[in-house]
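Below is model_27.cif, which holds mmCIF, C-alpha atoms.
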data_run
loop_
_atom_site.group_PDB
_atom_site.id
_atom_site.type_symbol
_atom_site.label_atom_id
_atom_site.label_comp_id
_atom_site.auth_asym_id
_atom_site.auth_seq_id
_atom_site.Cartn_x
_atom_site.Cartn_y
_atom_site.Cartn_z
ATOM 1 C CA LYS G 52 0.000 0.000 0.000
ATOM 2 C CA ASN G 53 2.795 2.405 0.912
ATOM 3 C CA THR G 54 4.740 1.462 -2.259
ATOM 4 C CA ILE G 55 1.756 2.234 -4.501
ATOM 5 C CA LEU G 56 1.370 5.648 -2.872
ATOM 6 C CA SER G 57 5.101 6.345 -3.316
ATOM 7 C CA ILE G 58 4.903 5.377 -7.000
ATOM 8 C CA LEU G 59 1.840 7.569 -7.566
ATOM 9 C CA CYS G 60 3.510 10.524 -5.822
ATOM 10 C CA SER G 61 6.678 10.077 -7.870
ATOM 11 C CA LEU G 62 4.702 9.707 -11.107
ATOM 12 C CA SER G 63 2.624 12.807 -10.376
ATOM 13 C CA ASP G 64 5.810 14.740 -9.554
ATOM 14 C CA GLY G 65 7.312 13.708 -12.901
ATOM 15 C CA LEU G 66 4.138 14.625 -14.778
ATOM 16 C CA CYS G 67 4.029 18.021 -13.050
ATOM 17 C CA HIS G 68 7.577 18.710 -14.240
ATOM 18 C CA VAL G 69 6.592 17.674 -17.771
ATOM 19 C CA ALA G 70 3.595 20.031 -17.635
ATOM 20 C CA ILE G 71 5.729 22.956 -16.414
ATOM 21 C CA SER G 72 8.258 22.295 -19.170
ATOM 22 C CA VAL G 73 5.521 22.130 -21.815
ATOM 23 C CA SER G 74 4.156 25.436 -20.543
ATOM 24 C CA VAL G 75 7.532 27.181 -20.627
ATOM 25 C CA PHE G 76 8.616 25.698 -23.958
ATOM 26 C CA MET G 77 5.266 26.557 -25.546
ATOM 27 C CA THR G 78 5.580 30.145 -24.344
ATOM 28 C CA ILE G 79 9.056 30.278 -25.922
ATOM 29 C CA THR G 80 7.675 28.806 -29.138
ATOM 30 C CA ILE G 81 4.844 31.336 -29.305
ATOM 31 C CA THR G 82 7.322 34.164 -28.687
ATOM 32 C CA ILE G 83 9.521 32.907 -31.526
ATOM 33 C CA GLU G 84 6.449 32.632 -33.760
ATOM 34 C CA ARG G 85 5.370 36.198 -32.896
ATOM 35 C CA TYR G 86 8.910 37.413 -33.543
ATOM 36 C CA SER G 87 8.912 35.887 -37.021
ATOM 37 C CA ALA G 88 5.422 37.294 -37.713
ATOM 38 C CA ILE G 89 6.496 40.824 -36.752
ATOM 39 C CA SER G 90 10.038 40.874 -38.122
ATOM 40 C CA SER G 91 9.085 39.575 -41.591
ATOM 41 C CA PRO G 92 5.287 39.528 -41.911
ATOM 42 C CA PHE G 93 5.129 38.709 -45.620
ATOM 43 C CA THR G 94 7.458 35.708 -45.328
ATOM 44 C CA TYR G 95 5.494 34.561 -42.290
ATOM 45 C CA GLN G 96 2.178 34.763 -44.176
ATOM 46 C CA ILE G 97 3.613 32.824 -47.125
ATOM 47 C CA LYS G 98 4.918 30.067 -44.813
ATOM 48 C CA LEU G 99 1.604 29.930 -42.978
ATOM 49 C CA THR G 100 -0.331 29.666 -46.239
ATOM 50 C CA ARG G 101 1.948 26.968 -47.668
ATOM 51 C CA ARG G 102 2.050 24.845 -44.510
ATOM 52 C CA GLY G 103 -1.570 25.074 -43.522
ATOM 53 C CA TYR G 104 -3.088 25.544 -40.097
ATOM 54 C CA TRP G 105 -2.778 22.017 -38.635
ATOM 55 C CA LYS G 106 0.695 21.415 -39.998
ATOM 56 C CA SER G 107 1.849 24.717 -38.490
ATOM 57 C CA ILE G 108 0.421 23.767 -35.106
ATOM 58 C CA SER G 109 2.058 20.332 -35.173
ATOM 59 C CA TYR G 110 5.306 21.994 -36.273
ATOM 60 C CA TYR G 111 5.299 23.864 -32.937
ATOM 61 C CA VAL G 112 3.563 21.471 -30.533
ATOM 62 C CA LEU G 113 5.252 18.121 -31.266
ATOM 63 C CA PRO G 114 8.845 19.302 -30.608
ATOM 64 C CA VAL G 115 7.684 21.011 -27.394
ATOM 65 C CA ILE G 116 6.080 17.846 -26.032
ATOM 66 C CA THR G 117 9.008 15.677 -27.149
ATOM 67 C CA ALA G 118 11.607 17.957 -25.534
ATOM 68 C CA SER G 119 9.572 18.186 -22.326
ATOM 69 C CA VAL G 120 9.318 14.418 -21.979
ATOM 70 C CA ILE G 121 13.024 13.893 -22.778
ATOM 71 C CA PHE G 122 14.206 16.565 -20.325
ATOM 72 C CA ASN G 123 12.017 15.087 -17.576
ATOM 73 C CA LEU G 124 12.781 11.392 -18.085
ATOM 74 C CA PRO G 125 14.966 11.303 -14.939
ATOM 75 C CA LYS G 126 12.021 12.592 -12.893
ATOM 76 C CA VAL G 127 9.652 10.027 -14.378
ATOM 77 C CA LEU G 128 12.226 7.225 -14.068
ATOM 78 C CA HIS G 129 12.671 8.060 -10.388
ATOM 79 C CA ILE G 130 9.988 5.410 -9.814
ATOM 80 C CA GLY G 131 12.562 2.643 -10.401
ATOM 81 C CA ARG G 132 14.572 3.870 -7.427
ATOM 82 C CA LEU G 133 11.538 3.462 -5.190
ATOM 83 C CA LEU G 134 11.066 -0.166 -6.220
ATOM 84 C CA SER G 135 14.642 -1.346 -5.652
ATOM 85 C CA PRO G 136 16.798 -0.019 -2.798
ATOM 86 C CA MET G 137 20.359 1.147 -3.567
ATOM 87 C CA SER G 138 23.654 0.667 -1.829
ATOM 88 C CA ARG G 139 25.269 3.693 -0.198
ATOM 89 C CA TYR G 140 27.714 4.024 -3.115
ATOM 90 C CA HIS G 141 24.943 4.045 -5.697
ATOM 91 C CA GLU G 142 22.827 6.345 -3.529
ATOM 92 C CA LYS G 143 25.708 8.851 -3.331
ATOM 93 C CA ASN G 144 26.161 8.822 -7.124
ATOM 94 C CA TYR G 145 22.405 9.081 -7.605
ATOM 95 C CA ILE G 146 22.325 12.225 -5.439
ATOM 96 C CA LYS G 147 25.286 13.770 -7.332
ATOM 97 C CA ALA G 148 23.597 13.065 -10.673
ATOM 98 C CA GLY G 149 20.364 14.544 -9.308
ATOM 99 C CA ILE G 150 22.120 17.768 -8.329
ATOM 100 C CA ILE G 151 23.721 18.118 -11.768
ATOM 101 C CA TYR G 152 20.372 17.334 -13.384
ATOM 102 C CA GLN G 153 18.662 20.051 -11.289
ATOM 103 C CA ILE G 154 21.233 22.613 -12.479
ATOM 104 C CA VAL G 155 20.801 21.720 -16.147
ATOM 105 C CA HIS G 156 17.060 21.166 -16.004
ATOM 106 C CA PRO G 157 14.845 22.840 -14.762
ATOM 107 C CA LEU G 158 17.048 25.787 -13.680
ATOM 108 C CA THR G 159 18.680 26.421 -17.042
ATOM 109 C CA THR G 160 16.034 25.147 -19.461
ATOM 110 C CA THR G 161 12.888 26.486 -17.815
ATOM 111 C CA CYS G 162 14.177 29.531 -15.907
ATOM 112 C CA ILE G 163 17.348 31.231 -17.103
ATOM 113 C CA LEU G 164 17.346 30.526 -20.864
ATOM 114 C CA PRO G 165 13.644 31.339 -21.353
ATOM 115 C CA ILE G 166 13.995 34.671 -19.569
ATOM 116 C CA VAL G 167 17.005 35.587 -21.733
ATOM 117 C CA ILE G 168 15.166 34.488 -24.900
ATOM 118 C CA PHE G 169 12.042 36.428 -23.899
ATOM 119 C CA ILE G 170 13.958 39.627 -23.213
ATOM 120 C CA ILE G 171 15.926 39.481 -26.479
ATOM 121 C CA LEU G 172 13.020 38.533 -28.745
ATOM 122 C CA ASN G 173 10.547 40.936 -27.167
ATOM 123 C CA TYR G 174 13.069 43.748 -27.472
ATOM 124 C CA HIS G 175 13.299 43.004 -31.197
ATOM 125 C CA ILE G 176 9.500 42.716 -31.468
ATOM 126 C CA VAL G 177 9.012 46.149 -29.874
ATOM 127 C CA LYS G 178 11.723 47.614 -32.082
ATOM 128 C CA ALA G 179 10.188 46.111 -35.247
ATOM 129 C CA SER G 180 6.641 47.146 -34.339
ATOM 130 C CA LYS G 181 7.712 50.764 -33.772
ATOM 131 C CA ARG G 182 9.200 50.903 -37.278
ATOM 132 C CA ARG G 183 5.773 50.339 -38.825
ATOM 133 C CA PHE G 184 4.035 53.700 -38.873
ATOM 134 C CA LEU G 185 0.748 52.858 -40.602
ATOM 135 C CA PRO G 186 0.210 49.121 -40.198
ATOM 136 C CA SER G 187 -2.185 47.329 -42.508
ATOM 137 C CA GLY G 188 -4.949 45.080 -41.135
ATOM 138 C CA LYS G 189 -2.942 41.847 -40.909
ATOM 139 C CA ILE G 190 0.217 43.529 -39.677
ATOM 140 C CA ALA G 191 -1.789 45.459 -37.056
ATOM 141 C CA ALA G 192 -3.309 42.175 -35.868
ATOM 142 C CA GLU G 193 0.171 40.638 -35.623
ATOM 143 C CA ILE G 194 1.396 43.629 -33.615
ATOM 144 C CA ASN G 195 -1.582 43.304 -31.248
ATOM 145 C CA LEU G 196 -0.840 39.592 -30.782
ATOM 146 C CA ALA G 197 2.796 40.455 -30.120
ATOM 147 C CA LYS G 198 1.730 42.990 -27.467
ATOM 148 C CA ILE G 199 -0.423 40.351 -25.775
ATOM 149 C CA MET G 200 2.507 37.925 -25.873
ATOM 150 C CA MET G 201 4.794 40.522 -24.316
ATOM 151 C CA ARG G 202 2.350 40.911 -21.436
ATOM 152 C CA ILE G 203 2.323 37.143 -20.966
ATOM 153 C CA VAL G 204 6.126 37.131 -20.947
ATOM 154 C CA ILE G 205 6.270 39.908 -18.356
ATOM 155 C CA ILE G 206 3.885 37.936 -16.140
ATOM 156 C CA PHE G 207 5.994 34.809 -16.721
ATOM 157 C CA ILE G 208 9.178 36.616 -15.651
ATOM 158 C CA ILE G 209 7.551 38.120 -12.544
ATOM 159 C CA LEU G 210 6.030 34.799 -11.465
ATOM 160 C CA ASN G 211 9.259 32.866 -12.064
ATOM 161 C CA ILE G 212 11.542 35.170 -10.072
ATOM 162 C CA PRO G 213 10.853 33.238 -6.814
ATOM 163 C CA ARG G 214 11.427 29.892 -8.567
ATOM 164 C CA VAL G 215 14.718 31.082 -10.064
ATOM 165 C CA SER G 216 15.929 32.492 -6.757
ATOM 166 C CA LEU G 217 15.048 29.268 -4.932
ATOM 167 C CA SER G 218 16.749 27.151 -7.593
ATOM 168 C CA ILE G 219 19.922 29.223 -7.409
ATOM 169 C CA TYR G 220 19.911 29.221 -3.608
#
This entry written out as structure tokens:
Amino acid sequence: KNTILSILCSLSDGLCHVAISVSVFMTITITIERYSAISSPFTYQIKLTRRGYWKSISYYVLPVITASVIFNLPKVLHIGRLLSPMSRYHEKNYIKAGIIYQIVHPLTTTCILPIVIFIILNYHIVKASKRRFLPSGKIAAEINLAKIMMRIVIIFIILNIPRVSLSIY
């Protein structure tokens, strides 16, 4: 009974990490998509027309889900450790690997790199949108979507400051 509860807790912990990674990576993907729509709107429209709606969505969503699952495999595979006890030597190495893993992911991949990417791309989005004096209908809609995305990014950065500071500490 206790083992089943431990497995369920470990599995839910792994799935929560996958969900957080999907959320962060999808926000990065949408920011990159908005950047391409604002920086070169005509090329973006041509690509969107050629690819089609569903192919464009799968072009963004499938890599995000795949990367999230791959980055979080150690969290999901943590279940195996619960089923078979380790010697002290293996336990020590497991803890060292866990610390290195925590530095690489989630600290770097879902905190530091996204914030840097958001700041750089949104700076370029603002710069590109200010260059357009009289935007046409489609370009104006893209600029409005970019403004909404920038607000989402600002909220993301504000809400992730405690998580980043705790991860670094």
From G:Ile79, G:Lys198, G:Lys126, G:Ile170, residue lying nearest Cys60 of chain G [all atoms listed in the file]: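 Going through G:Ile79, G:Lys198, G:Lys126, G:Ile170 one by one, the smallest distance to Cys60 of chain G is for G:Lys126.
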Output check: residues returned by the PyMOL selection byres ((chain G and resi 197) around 8), as a PyMOL selection string: chain G and resi 82+85-86+89+176+193-196+198-201
Two-atom distance - atom CA of Ile121 of chain G, atom CA of Thr161 of chain G (Å):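 That distance, rounded to one decimal, is 13.5 Å.
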Minimum-distance residue to Arg182 of chain G, chosen among G:Ser72, G:Gln96, G:Ser63, G:Ser90 (using all atoms listed in the file):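 Among the listed residues, G:Ser90 lies closest to Arg182 of chain G.
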Point-to-point distance in Å for atom CA of Ile81 of chain G and atom CA of Ile203 of chain G: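 Taking atom CA of Ile203 of chain G and atom CA of Ile81 of chain G, their separation equals 10.5 Å.
Across the model, the gap from atom CA of Asn173 of chain G to atom CA of Pro114 of chain G is 22.0 Å.
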Residues matched by the PyMOL selection byres ((chain G and resi 122) around 9) as a list in words: Val69, Ser72, Thr117, Ala118, Ser119, Val120, Ile121, Asn123, Leu124, Pro125, Lys126, His156, Pro157 and Thr160 of chain G
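Each of G:Asn211, G:Ser74, G:Ser91, G:Asn144 was compared to His175 of chain G using all atoms listed in the file, and G:Ser91 turns out to be the nearest.
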